[in-house]
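S.K.: My structure file run05.cif, mmCIF, C-alpha atoms, is below:
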data_protein
#
loop_
_atom_site.label_atom_id
_atom_site.label_comp_id
_atom_site.auth_asym_id
_atom_site.auth_seq_id
_atom_site.Cartn_x
_atom_site.Cartn_y
_atom_site.Cartn_z
CA MET A 66 -27.97 -32.25 36.34
CA GLU A 67 -27.98 -28.60 35.25
CA VAL A 68 -25.13 -27.60 32.95
CA ALA A 69 -22.97 -24.68 34.02
CA THR A 70 -23.38 -22.67 30.81
CA GLU A 71 -26.04 -22.44 28.13
CA MET A 72 -25.91 -20.48 24.89
CA HIS A 73 -29.06 -19.02 23.37
CA GLU A 74 -29.17 -18.02 19.73
CA LEU A 75 -31.22 -14.88 20.33
CA ASN A 76 -28.80 -11.96 20.78
CA ASN A 77 -26.05 -14.40 21.86
CA LEU A 78 -27.31 -14.54 25.44
CA THR A 79 -25.16 -16.65 27.74
CA VAL A 80 -26.84 -18.35 30.71
CA ILE A 81 -24.52 -19.26 33.57
CA HIS A 82 -25.36 -21.22 36.72
CA SER A 83 -21.88 -21.44 38.29
CA ILE A 84 -20.39 -18.72 40.51
CA GLN A 85 -16.86 -19.78 39.61
CA GLU A 86 -17.51 -19.57 35.87
CA LEU A 87 -19.22 -16.19 36.10
CA GLN A 88 -16.37 -14.73 38.13
CA ALA A 89 -13.86 -16.05 35.60
CA ARG A 90 -15.75 -14.40 32.72
CA LEU A 91 -16.04 -11.06 34.51
CA ASP A 92 -12.54 -10.83 36.00
CA ARG A 93 -11.58 -7.14 36.02
CA ASN A 94 -8.09 -8.04 34.81
CA GLU A 95 -9.63 -9.42 31.62
CA ARG A 96 -12.20 -6.70 30.91
CA GLN A 97 -9.89 -4.51 28.82
CA GLY A 98 -11.69 -1.35 29.89
CA ARG A 99 -15.19 -2.66 29.21
CA THR A 100 -17.78 -1.65 31.83
CA VAL A 101 -20.26 -4.04 33.41
CA GLY A 102 -23.81 -3.05 34.37
CA PHE A 103 -25.69 -5.34 36.74
CA VAL A 104 -29.43 -5.89 37.15
CA PRO A 105 -30.28 -8.15 40.13
CA THR A 106 -33.80 -9.65 40.08
CA MET A 107 -35.87 -12.47 41.50
CA GLY A 108 -37.28 -13.24 38.07
CA PHE A 109 -40.81 -13.40 36.67
CA LEU A 110 -39.70 -10.41 34.64
CA HIS A 111 -41.93 -7.48 33.74
CA GLU A 112 -41.48 -4.03 32.21
CA GLY A 113 -40.00 -2.69 35.45
CA HIS A 114 -37.10 -5.14 35.27
CA LEU A 115 -36.65 -4.47 31.56
CA SER A 116 -36.42 -0.73 32.21
CA LEU A 117 -33.41 -1.49 34.43
CA VAL A 118 -31.84 -3.42 31.56
CA GLU A 119 -32.55 -0.52 29.20
CA GLN A 120 -30.67 1.88 31.44
CA ALA A 121 -27.81 -0.58 31.95
CA ARG A 122 -27.57 -1.12 28.20
CA LYS A 123 -27.18 2.62 27.58
CA HIS A 124 -24.28 3.06 29.97
CA ASN A 125 -22.28 -0.19 29.86
CA ASP A 126 -20.48 -2.51 27.47
CA VAL A 127 -21.70 -5.70 29.16
CA VAL A 128 -25.07 -6.21 30.88
CA VAL A 129 -25.43 -8.95 33.48
CA MET A 130 -28.79 -9.91 34.98
CA SER A 131 -29.23 -12.30 37.88
CA ILE A 132 -32.39 -14.27 38.55
CA PHE A 133 -32.43 -15.75 42.03
CA VAL A 134 -35.38 -16.10 44.39
CA ASN A 135 -33.44 -15.48 47.58
CA PRO A 136 -34.68 -17.67 50.45
CA ALA A 137 -32.69 -15.61 52.97
CA GLN A 138 -35.06 -12.64 52.65
CA PHE A 139 -38.30 -14.58 53.17
CA GLY A 140 -39.56 -14.95 56.71
CA PRO A 141 -41.72 -17.73 58.23
CA GLY A 142 -45.11 -17.91 56.53
CA GLU A 143 -44.05 -15.67 53.64
CA ASP A 144 -44.44 -16.56 49.98
CA TYR A 145 -41.08 -18.11 49.03
CA ASP A 146 -42.60 -21.29 47.56
CA ALA A 147 -45.48 -19.37 45.99
CA TYR A 148 -43.25 -16.68 44.47
CA PRO A 149 -43.93 -16.81 40.70
CA ARG A 150 -41.27 -18.42 38.53
CA ASP A 151 -41.00 -18.91 34.76
CA THR A 152 -37.43 -19.60 33.71
CA GLU A 153 -38.11 -20.13 30.02
CA ARG A 154 -40.09 -16.91 29.63
CA ASP A 155 -37.55 -14.94 31.68
CA THR A 156 -34.69 -16.18 29.53
CA GLN A 157 -36.50 -15.12 26.36
CA LEU A 158 -37.32 -11.67 27.75
CA ALA A 159 -33.76 -11.14 28.98
CA ALA A 160 -32.37 -12.02 25.57
CA GLU A 161 -34.80 -9.73 23.77
CA ALA A 162 -33.93 -6.86 26.14
CA GLY A 163 -30.23 -7.13 25.34
CA VAL A 164 -28.85 -8.90 28.41
CA ASP A 165 -25.44 -10.40 27.64
CA ILE A 166 -25.10 -12.76 30.60
CA LEU A 167 -27.96 -14.23 32.63
CA PHE A 168 -26.84 -15.64 35.98
CA MET A 169 -29.29 -18.19 37.40
CA PRO A 170 -27.78 -19.98 40.40
CA THR A 171 -29.55 -22.51 42.60
CA PRO A 172 -29.93 -21.92 46.36
CA GLU A 173 -27.33 -24.66 46.86
CA GLU A 174 -24.88 -22.77 44.63
CA MET A 175 -25.42 -19.49 46.48
CA TYR A 176 -25.59 -20.94 50.00
CA PRO A 177 -23.60 -24.19 50.06
CA GLN A 178 -22.97 -23.86 53.79
CA GLU A 179 -23.83 -21.52 56.65
CA GLY A 180 -20.94 -20.08 58.64
CA GLY A 181 -23.08 -18.14 61.08
CA ILE A 182 -21.94 -14.68 59.94
CA HIS A 183 -24.80 -12.22 59.42
CA ILE A 184 -25.13 -8.67 58.14
CA LEU A 185 -27.28 -6.48 60.36
CA PRO A 186 -28.74 -3.39 58.67
CA GLY A 187 -29.11 -0.23 60.71
CA THR A 188 -32.10 1.86 61.75
CA GLN A 189 -33.26 2.28 58.14
CA ALA A 190 -34.38 -1.37 58.28
CA SER A 191 -36.58 -0.85 61.36
CA MET A 192 -39.08 1.30 59.44
CA LEU A 193 -41.69 0.57 56.77
CA CYS A 194 -41.44 -3.05 55.51
CA GLY A 195 -38.68 -3.81 57.99
CA ALA A 196 -40.99 -3.18 60.96
CA SER A 197 -43.28 -6.08 60.03
CA ARG A 198 -40.63 -8.29 58.35
CA PRO A 199 -37.83 -8.78 60.88
CA GLY A 200 -34.74 -10.23 59.24
CA HIS A 201 -35.90 -9.39 55.72
CA PHE A 202 -33.23 -6.80 55.00
CA ASP A 203 -30.56 -8.95 56.65
CA GLY A 204 -31.30 -11.43 53.86
CA VAL A 205 -31.39 -8.72 51.20
CA LEU A 206 -27.94 -7.39 52.16
CA LYS A 207 -26.59 -10.93 52.38
CA VAL A 208 -27.50 -11.76 48.79
CA VAL A 209 -26.63 -8.28 47.48
CA LEU A 210 -23.12 -8.49 48.94
CA LYS A 211 -22.63 -11.96 47.47
CA LEU A 212 -23.87 -10.83 44.05
CA PHE A 213 -21.70 -7.70 44.08
CA ASN A 214 -18.67 -9.83 44.94
CA ILE A 215 -19.50 -12.37 42.25
CA VAL A 216 -20.30 -9.93 39.42
CA ASP A 217 -18.07 -7.02 40.54
CA PRO A 218 -20.13 -4.53 38.49
CA ASP A 219 -19.20 -0.96 37.65
CA ARG A 220 -22.85 0.06 38.01
CA SER A 221 -25.86 -1.68 39.58
CA TYR A 222 -29.45 -0.78 38.74
CA PHE A 223 -32.37 -0.74 41.19
CA GLY A 224 -35.96 0.39 40.79
CA MET A 225 -37.44 3.05 43.03
CA LYS A 226 -40.58 1.02 43.78
CA ASP A 227 -38.58 -0.75 46.51
CA ALA A 228 -37.46 2.61 47.91
CA GLN A 229 -36.54 1.33 51.38
CA GLN A 230 -34.43 -1.42 49.88
CA LEU A 231 -32.77 1.12 47.59
CA ALA A 232 -31.95 3.46 50.51
CA ILE A 233 -30.46 0.62 52.56
CA ILE A 234 -28.37 -0.65 49.65
CA GLU A 235 -27.09 2.86 48.88
CA THR A 236 -26.07 3.25 52.52
CA PHE A 237 -24.44 -0.21 52.54
CA VAL A 238 -22.40 0.55 49.41
CA ARG A 239 -21.33 3.93 50.80
CA ASP A 240 -20.44 2.78 54.30
CA PHE A 241 -18.52 -0.34 53.22
CA ASN A 242 -16.80 1.17 50.17
CA LEU A 243 -18.20 -1.38 47.74
CA ARG A 244 -16.95 -0.62 44.26
CA THR A 245 -20.18 -0.28 42.36
CA ASP A 246 -22.25 2.81 41.61
CA ILE A 247 -25.95 2.45 42.46
CA VAL A 248 -28.22 3.83 39.74
CA ARG A 249 -31.82 4.69 40.64
CA VAL A 250 -34.40 3.86 37.97
CA PRO A 251 -37.97 5.24 38.17
CA THR A 252 -40.92 2.97 38.96
CA VAL A 253 -42.69 1.55 35.90
CA ARG A 254 -46.47 1.62 36.17
CA GLU A 255 -49.54 0.26 34.46
CA GLN A 256 -51.69 2.82 32.65
CA ASP A 257 -53.95 3.07 35.72
CA GLY A 258 -51.01 3.84 38.01
CA LEU A 259 -50.41 0.45 39.64
CA ALA A 260 -46.69 -0.21 40.10
CA LYS A 261 -45.46 -3.16 38.07
CA SER A 262 -44.68 -6.11 40.32
CA SER A 263 -44.18 -9.84 39.93
CA ARG A 264 -46.68 -10.28 42.75
CA ASN A 265 -49.52 -8.57 40.83
CA VAL A 266 -50.30 -11.93 39.23
CA HIS A 267 -51.74 -13.07 42.59
CA LEU A 268 -54.41 -10.34 42.67
CA THR A 269 -58.00 -11.38 42.02
CA ALA A 270 -59.91 -9.52 39.30
CA MET A 271 -61.61 -7.34 41.91
CA GLU A 272 -58.34 -6.64 43.77
CA ARG A 273 -56.68 -5.69 40.49
CA LYS A 274 -59.41 -3.07 39.95
CA GLU A 275 -58.88 -1.73 43.46
CA ALA A 276 -55.08 -1.73 43.49
CA PRO A 277 -54.56 1.62 41.67
CA ILE A 278 -56.19 3.27 44.69
CA ILE A 279 -52.83 2.89 46.44
CA GLN A 280 -51.05 5.29 44.08
CA GLN A 281 -54.03 7.64 44.05
CA ALA A 282 -53.89 7.85 47.85
CA LEU A 283 -50.15 8.53 47.78
CA GLN A 284 -50.64 11.31 45.23
CA GLN A 285 -53.22 12.82 47.56
CA GLY A 286 -50.67 12.62 50.36
CA ALA A 287 -48.08 14.39 48.20
CA LEU A 288 -50.47 17.30 47.68
CA LEU A 289 -51.07 17.53 51.43
CA PHE A 290 -47.30 17.46 51.95
CA ALA A 291 -46.89 20.40 49.56
CA GLU A 292 -49.61 22.30 51.42
CA GLY A 293 -47.79 21.82 54.71
CA HIS A 294 -50.25 19.59 56.57
CA ALA A 295 -49.09 17.80 59.70
CA VAL A 296 -47.30 14.49 59.17
CA ALA A 297 -49.84 12.49 61.20
CA GLU A 298 -52.73 14.03 59.25
CA ILE A 299 -51.13 13.15 55.90
CA GLU A 300 -50.58 9.54 56.98
CA LYS A 301 -54.16 9.34 58.30
CA GLN A 302 -55.75 10.64 55.11
CA VAL A 303 -53.71 8.35 52.87
CA ALA A 304 -54.69 5.31 54.95
CA GLU A 305 -58.36 6.32 55.08
CA HIS A 306 -58.49 6.72 51.30
CA ILE A 307 -57.11 3.21 50.75
CA VAL A 308 -59.43 1.62 53.34
CA ALA A 309 -62.50 3.41 52.00
CA ASN A 310 -61.88 2.41 48.39
CA SER A 311 -60.40 -1.09 48.53
CA SER A 312 -60.60 -4.41 50.33
CA GLY A 313 -56.91 -4.23 51.21
CA CYS A 314 -55.65 -4.20 54.79
CA ILE A 315 -53.15 -1.48 55.68
CA ASP A 316 -49.78 -2.77 56.87
CA TYR A 317 -48.34 0.74 57.17
CA VAL A 318 -48.53 4.26 55.80
CA SER A 319 -45.49 6.36 56.71
CA LEU A 320 -44.07 9.76 55.85
CA LEU A 321 -40.33 9.87 56.52
CA SER A 322 -37.20 11.69 55.41
CA TYR A 323 -35.41 10.11 52.45
CA PRO A 324 -33.03 8.36 52.15
CA ALA A 325 -32.30 8.44 55.92
CA LEU A 326 -35.82 7.12 56.71
CA THR A 327 -36.08 9.11 59.92
CA ALA A 328 -39.18 10.73 61.42
CA LEU A 329 -40.23 14.18 60.20
CA ASP A 330 -41.49 16.86 62.56
CA GLU A 331 -43.02 18.73 59.63
CA PRO A 332 -43.32 18.32 55.85
CA LYS A 333 -40.03 19.63 54.46
CA GLY A 334 -37.00 18.67 52.40
CA GLU A 335 -36.78 15.34 50.59
CA ALA A 336 -39.24 12.79 51.93
CA ILE A 337 -40.98 9.53 51.12
CA ILE A 338 -44.63 8.67 51.55
CA ALA A 339 -44.73 4.89 51.51
CA CYS A 340 -47.29 2.21 52.18
CA ALA A 341 -47.86 -1.53 52.16
CA VAL A 342 -51.31 -3.02 51.61
CA LYS A 343 -52.21 -6.67 52.12
CA PHE A 344 -54.74 -8.32 49.85
CA GLU A 345 -55.88 -11.92 50.16
CA ARG A 346 -52.86 -13.57 48.50
CA THR A 347 -50.29 -10.82 48.14
CA ARG A 348 -48.84 -7.70 49.71
CA LEU A 349 -48.30 -4.62 47.55
CA ILE A 350 -45.89 -1.78 48.30
CA ASP A 351 -45.68 1.65 46.70
CA ASN A 352 -44.26 5.07 47.43
CA ILE A 353 -43.70 8.61 46.27
CA ILE A 354 -40.39 10.36 46.89
CA ILE A 355 -40.92 14.10 46.96
CA THR A 356 -39.17 17.37 47.69
CA LYS A 357 -41.13 20.39 48.86
CA LYS A 358 -40.22 23.56 46.98
CA ASP A 359 -41.96 26.93 47.38
CA GLY A 360 -45.37 25.53 48.30
CA SER A 361 -45.31 22.86 45.60
CA TYR A 362 -43.59 19.52 45.31
CA VAL A 363 -41.30 17.69 42.90
CA GLN A 364 -41.93 13.99 42.49
CA ASN A 365 -38.34 12.80 42.35
CA ASP A 366 -38.78 9.41 40.74
CA ASP A 367 -39.92 11.15 37.55
CA GLU A 368 -36.65 13.00 37.14
CA GLN A 369 -34.64 10.35 35.29
#
Kindly return the structure encoded in the file as structure tokens.
M.R.:
Amino acid sequence: MEVATEMHELNNLTVIHSIQELQARLDRNERQGRTVGFVPTMGFLHEGHLSLVEQARKHNDVVVMSIFVNPAQFGPGEDYDAYPRDTERDTQLAAEAGVDILFMPTPEEMYPQEGGIHILPGTQASMLCGASRPGHFDGVLKVVLKLFNIVDPDRSYFGMKDAQQLAIIETFVRDFNLRTDIVRVPTVREQDGLAKSSRNVHLTAMERKEAPIIQQALQQGALLFAEGHAVAEIEKQVAEHIVANSSGCIDYVSLLSYPALTALDEPKGEAIIACAVKFERTRLIDNIIITKKDGSYVQNDDEQ
């Protein structure tokens, strides 16, 4: 049987598996003015996750990370069982990064019973990944709300690689007056431009060589956006570049307003060019969030 709390010598990291114990430790009445920064993850940590910890460490007295592969956000036939896991390595990396409390609940701890109440995201969830993954963002908001209630963080840190998820969570926090500030953290990339992702481990050697094409195509789309090309033409050229230079299968390429995720009549204002590409064993997502200014563009996820 798993113990509720574990202490690790490195940097005095505390590992907690129990919701009740974590809530007791983080009770706002006992914080004495100390702020809590929260980094929710599904584990198999990489530099992208650690960049979230770095930002949380700068701005908060206590840093909490959760590692929980959330079954509620995986649909039929998706890769829940195959999702990479390495608890020992993750614990070591979290400690080295300066995490104070690592929360690692089991599915039974998080979902002991099902009461039939569901959270339904709005139109933002019908675009991009939500169009081909019905119910996915229902599961994301379900676990996010539970984690926010359990940790009760002052600030919560999310990477911009999952830009649709970020937009939906920002809207959720705003509309339901949740008492945490959402902090956007720029996407961390490999030297060749591929966005860091736990799923990259499933790429074959050839697919790994092809994968940077995704970001190259999006950069090309950003230039077309700045030049004022039609939305449909931008989406077409981005998709054609990926298809011509990789073995991946396009799930979607979309140019939308951001963070509302609504259709654009013309390239203007703040927007996102996003895509999902399926390879043999994994599905990669990437995006560029841009603002057109005086015939050029600002890539917004480089601003922080």
S.K.: Taking 3 positions as the minimum chain separation for residues in the same chain, which residues sit within 12 Å of A:Arg154 when counting all atoms listed in the file? Answer as a ChimeraX atom specification.
M.R.: /A:108-111,149-151,157-161
S.K.: Using all atoms listed in the file, can you tell me which of A:Ala147, A:Leu115, A:Cys194, A:Leu91 comes closest to A:Val127?
M.R.: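 Checking each of A:Ala147, A:Leu115, A:Cys194, A:Leu91 against A:Val127, counting all atoms listed in the file, the winner is A:Leu91.
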S.K.: On this structure, the PyMOL selection byres ((chain A and resi 324-327) around 9) would catch which residues? List them as a compact mmCIF listing (two decimals) with C-alpha atoms, in the coordinates of the input, sorted by chain and number.
M.R.:
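Written output follows (out-v2.txt):
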# COMPACT_ATOMS: atom_id res chain seq x y z
CA THR A 188 -32.10 1.86 61.75
CA GLN A 189 -33.26 2.28 58.14
CA ALA A 190 -34.38 -1.37 58.28
CA MET A 192 -39.08 1.30 59.44
CA LEU A 193 -41.69 0.57 56.77
CA ALA A 228 -37.46 2.61 47.91
CA GLN A 229 -36.54 1.33 51.38
CA LEU A 231 -32.77 1.12 47.59
CA ALA A 232 -31.95 3.46 50.51
CA ILE A 233 -30.46 0.62 52.56
CA GLU A 235 -27.09 2.86 48.88
CA THR A 236 -26.07 3.25 52.52
CA LEU A 320 -44.07 9.76 55.85
CA LEU A 321 -40.33 9.87 56.52
CA SER A 322 -37.20 11.69 55.41
CA TYR A 323 -35.41 10.11 52.45
CA ALA A 328 -39.18 10.73 61.42
CA LEU A 329 -40.23 14.18 60.20
CA GLU A 335 -36.78 15.34 50.59
CA ALA A 336 -39.24 12.79 51.93
CA ILE A 337 -40.98 9.53 51.12
S.K.: For each of A:Ile315, A:Val216, A:Ile184, A:Ala260, take the minimum atom-to-atom distance to A:Arg244, counting only C-alpha atoms, then give the residue where this is smallest.
M.R.: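 Ranking A:Ile315, A:Val216, A:Ile184, A:Ala260 by distance to A:Arg244, first place goes to A:Val216.
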S.K.: Quick check on the file I pasted: which residues fall under the PyMOL selection byres ((chain A and resi 282) around 9)? Write them as a list in words.
M.R.: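 Answer for the PyMOL selection byres ((chain A and resi 282) around 9): Pro277, Ile278, Ile279, Gln280, Gln281, Leu283, Gln284, Gln285, Gly286, Ala287, Gln302, Val303, Ala304, Glu305, His306 and Ile307 of chain A.
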S.K.: Nearest to A:Thr152: which of A:Glu112, A:Met107, A:Gly140, A:Val308 is it, counting all atoms listed in the file?
M.R.: A:Met107
S.K.: Tell me which protein, DNA and RNA residues are within 9 Å of A:Val208, counting all atoms listed in the file, leaving out same-chain ones fewer than 2 positions away, and put them as a list in words.
M.R.: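 The residues that qualify are Asn135, Ala137, Gln138, Met175, Asp203, Gly204, Val205, Leu206, Leu210, Lys211, Leu212 and Phe213 of chain A.
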S.K.: Between A:Arg198, A:Arg264, A:Lys226, A:His294, which one has atoms that come closest to A:Val250, using only C-alpha atoms?
M.R.: A:Lys226
S.K.: Report the distance between atom CA of A:Asp227 and atom CA of A:Val128 in Å, rounded to one decimal place.
M.R.: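 Distance reported for this atom pair: 21.4 Å.
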S.K.: From the options A:Pro251, A:Pro218, A:Gly187, A:Gly258, which residue's atoms come nearest to A:Phe237, counting all atoms listed in the file?
M.R.: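 So, comparing all the options, the nearest one is A:Gly187.
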S.K.: If I wrap all listed atoms of stretch 97-107 of chain A in a box with edges along x, y and z and add 6 Å on each side, what are its centre and edge lengths in Å to one decimal, as JSON?
M.R.:
{"center_x": -22.9, "center_y": -6.9, "center_z": 35.2, "size_x": 38.0, "size_y": 23.1, "size_z": 24.7}
S.K.: Measuring atom to atom with all atoms listed in the file, identify which of A:Val164, A:Val134, A:Val248, A:Met169 is nearest to A:Ile81.
M.R.: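 Looking at the shortest contact to A:Ile81, the residue is A:Met169.
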S.K.: Hey, can you check how far atom CA of A:Asp351 sits from atom CA of A:Tyr148?
M.R.: 18.6 Å
S.K.: Per residue of stretch 116-210 of chain A within 10 Å of stretch 92-102 of chain A, record the nearest atom pair and its distance in Å to one decimal, counting only C-alpha atoms, with rows in chain order and ascending residue number, as CSV.
M.R.:
residue,atom,partner,partner_atom,distance
A:Leu117,CA,A:Gly102,CA,9.7
A:Val118,CA,A:Gly102,CA,8.5
A:Gln120,CA,A:Gly102,CA,8.9
A:Ala121,CA,A:Gly102,CA,5.3
A:Arg122,CA,A:Gly102,CA,7.5
A:Lys123,CA,A:Gly102,CA,9.5
A:His124,CA,A:Gly102,CA,7.5
A:Asn125,CA,A:Thr100,CA,5.1
A:Asp126,CA,A:Thr100,CA,5.2
A:Val127,CA,A:Val101,CA,4.8
A:Val128,CA,A:Gly102,CA,4.9
A:Val129,CA,A:Gly102,CA,6.2
A:Met130,CA,A:Gly102,CA,8.5
A:Val164,CA,A:Gly102,CA,9.8
S.K.: Where does the PyMOL selection byres ((chain A and resi 352) around 6) land in this file, that is, which residues does it pick, as a ChimeraX atom specification?
M.R.: /A:338-339,351,353
S.K.: I'd like the interatomic distance between atom CA of A:Leu78 and atom CA of A:Ala162, to a tenth of an Å.
M.R.: 10.2 Å
S.K.: Could you write stretch 301-327 of chain A as a PDB file, in the frame of the given file, with N, CA and C atoms rebuilt where they are missing?
M.R.:
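File produced: out39.pdb:
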ATOM      1  N   LYS A 301     -52.780   9.729  58.010  1.00  0.00           N
ATOM      2  CA  LYS A 301     -54.160   9.340  58.300  1.00  0.00           C
ATOM      3  C   LYS A 301     -55.024   9.412  57.048  1.00  0.00           C
ATOM      4  N   GLN A 302     -54.902  10.487  56.284  1.00  0.00           N
ATOM      5  CA  GLN A 302     -55.750  10.640  55.110  1.00  0.00           C
ATOM      6  C   GLN A 302     -55.394   9.647  54.009  1.00  0.00           C
ATOM      7  N   VAL A 303     -54.110   9.362  53.847  1.00  0.00           N
ATOM      8  CA  VAL A 303     -53.710   8.350  52.870  1.00  0.00           C
ATOM      9  C   VAL A 303     -54.295   6.998  53.241  1.00  0.00           C
ATOM     10  N   ALA A 304     -54.163   6.606  54.503  1.00  0.00           N
ATOM     11  CA  ALA A 304     -54.690   5.310  54.950  1.00  0.00           C
ATOM     12  C   ALA A 304     -56.202   5.246  54.800  1.00  0.00           C
ATOM     13  N   GLU A 305     -56.893   6.308  55.173  1.00  0.00           N
ATOM     14  CA  GLU A 305     -58.360   6.320  55.080  1.00  0.00           C
ATOM     15  C   GLU A 305     -58.823   6.191  53.639  1.00  0.00           C
ATOM     16  N   HIS A 306     -58.107   6.811  52.713  1.00  0.00           N
ATOM     17  CA  HIS A 306     -58.490   6.720  51.300  1.00  0.00           C
ATOM     18  C   HIS A 306     -58.366   5.284  50.789  1.00  0.00           C
ATOM     19  N   ILE A 307     -57.308   4.601  51.186  1.00  0.00           N
ATOM     20  CA  ILE A 307     -57.110   3.210  50.750  1.00  0.00           C
ATOM     21  C   ILE A 307     -58.177   2.310  51.358  1.00  0.00           C
ATOM     22  N   VAL A 308     -58.441   2.460  52.654  1.00  0.00           N
ATOM     23  CA  VAL A 308     -59.430   1.620  53.340  1.00  0.00           C
ATOM     24  C   VAL A 308     -60.828   1.835  52.784  1.00  0.00           C
ATOM     25  N   ALA A 309     -61.152   3.097  52.484  1.00  0.00           N
ATOM     26  CA  ALA A 309     -62.500   3.410  52.000  1.00  0.00           C
ATOM     27  C   ALA A 309     -62.749   2.929  50.583  1.00  0.00           C
ATOM     28  N   ASN A 310     -61.697   2.705  49.809  1.00  0.00           N
ATOM     29  CA  ASN A 310     -61.880   2.410  48.390  1.00  0.00           C
ATOM     30  C   ASN A 310     -61.310   1.064  47.947  1.00  0.00           C
ATOM     31  N   SER A 311     -60.921   0.228  48.897  1.00  0.00           N
ATOM     32  CA  SER A 311     -60.400  -1.090  48.530  1.00  0.00           C
ATOM     33  C   SER A 311     -60.666  -2.082  49.648  1.00  0.00           C
ATOM     34  N   SER A 312     -60.464  -3.350  49.331  1.00  0.00           N
ATOM     35  CA  SER A 312     -60.600  -4.410  50.330  1.00  0.00           C
ATOM     36  C   SER A 312     -59.271  -4.726  50.993  1.00  0.00           C
ATOM     37  N   GLY A 313     -58.228  -3.985  50.647  1.00  0.00           N
ATOM     38  CA  GLY A 313     -56.910  -4.230  51.210  1.00  0.00           C
ATOM     39  C   GLY A 313     -56.819  -3.828  52.674  1.00  0.00           C
ATOM     40  N   CYS A 314     -55.900  -4.488  53.375  1.00  0.00           N
ATOM     41  CA  CYS A 314     -55.650  -4.200  54.790  1.00  0.00           C
ATOM     42  C   CYS A 314     -54.335  -3.444  54.905  1.00  0.00           C
ATOM     43  N   ILE A 315     -54.350  -2.306  55.557  1.00  0.00           N
ATOM     44  CA  ILE A 315     -53.150  -1.480  55.680  1.00  0.00           C
ATOM     45  C   ILE A 315     -52.109  -2.161  56.570  1.00  0.00           C
ATOM     46  N   ASP A 316     -50.918  -2.345  56.051  1.00  0.00           N
ATOM     47  CA  ASP A 316     -49.780  -2.770  56.870  1.00  0.00           C
ATOM     48  C   ASP A 316     -49.144  -1.521  57.484  1.00  0.00           C
ATOM     49  N   TYR A 317     -48.831  -0.534  56.662  1.00  0.00           N
ATOM     50  CA  TYR A 317     -48.340   0.740  57.170  1.00  0.00           C
ATOM     51  C   TYR A 317     -48.558   1.829  56.134  1.00  0.00           C
ATOM     52  N   VAL A 318     -48.666   3.048  56.602  1.00  0.00           N
ATOM     53  CA  VAL A 318     -48.530   4.260  55.800  1.00  0.00           C
ATOM     54  C   VAL A 318     -47.600   5.170  56.581  1.00  0.00           C
ATOM     55  N   SER A 319     -46.486   5.576  55.978  1.00  0.00           N
ATOM     56  CA  SER A 319     -45.490   6.360  56.710  1.00  0.00           C
ATOM     57  C   SER A 319     -44.939   7.481  55.843  1.00  0.00           C
ATOM     58  N   LEU A 320     -44.741   8.616  56.472  1.00  0.00           N
ATOM     59  CA  LEU A 320     -44.070   9.760  55.850  1.00  0.00           C
ATOM     60  C   LEU A 320     -42.771   9.979  56.608  1.00  0.00           C
ATOM     61  N   LEU A 321     -41.649   9.811  55.906  1.00  0.00           N
ATOM     62  CA  LEU A 321     -40.330   9.870  56.520  1.00  0.00           C
ATOM     63  C   LEU A 321     -39.378  10.684  55.645  1.00  0.00           C
ATOM     64  N   SER A 322     -38.251  11.088  56.221  1.00  0.00           N
ATOM     65  CA  SER A 322     -37.200  11.690  55.410  1.00  0.00           C
ATOM     66  C   SER A 322     -36.616  10.621  54.478  1.00  0.00           C
ATOM     67  N   TYR A 323     -36.019  11.074  53.376  1.00  0.00           N
ATOM     68  CA  TYR A 323     -35.410  10.110  52.450  1.00  0.00           C
ATOM     69  C   TYR A 323     -34.062  10.649  51.995  1.00  0.00           C
ATOM     70  N   PRO A 324     -33.029   9.807  51.957  1.00  0.00           N
ATOM     71  CA  PRO A 324     -33.030   8.360  52.150  1.00  0.00           C
ATOM     72  C   PRO A 324     -32.759   7.894  53.587  1.00  0.00           C
ATOM     73  N   ALA A 325     -32.637   8.838  54.545  1.00  0.00           N
ATOM     74  CA  ALA A 325     -32.300   8.440  55.920  1.00  0.00           C
ATOM     75  C   ALA A 325     -33.395   7.616  56.580  1.00  0.00           C
ATOM     76  N   LEU A 326     -34.666   7.831  56.139  1.00  0.00           N
ATOM     77  CA  LEU A 326     -35.820   7.120  56.710  1.00  0.00           C
ATOM     78  C   LEU A 326     -35.978   7.409  58.203  1.00  0.00           C
ATOM     79  N   THR A 327     -35.864   8.677  58.545  1.00  0.00           N
ATOM     80  CA  THR A 327     -36.080   9.110  59.920  1.00  0.00           C
ATOM     81  C   THR A 327     -37.383   9.904  60.003  1.00  0.00           C
TER      82      THR A 327
END
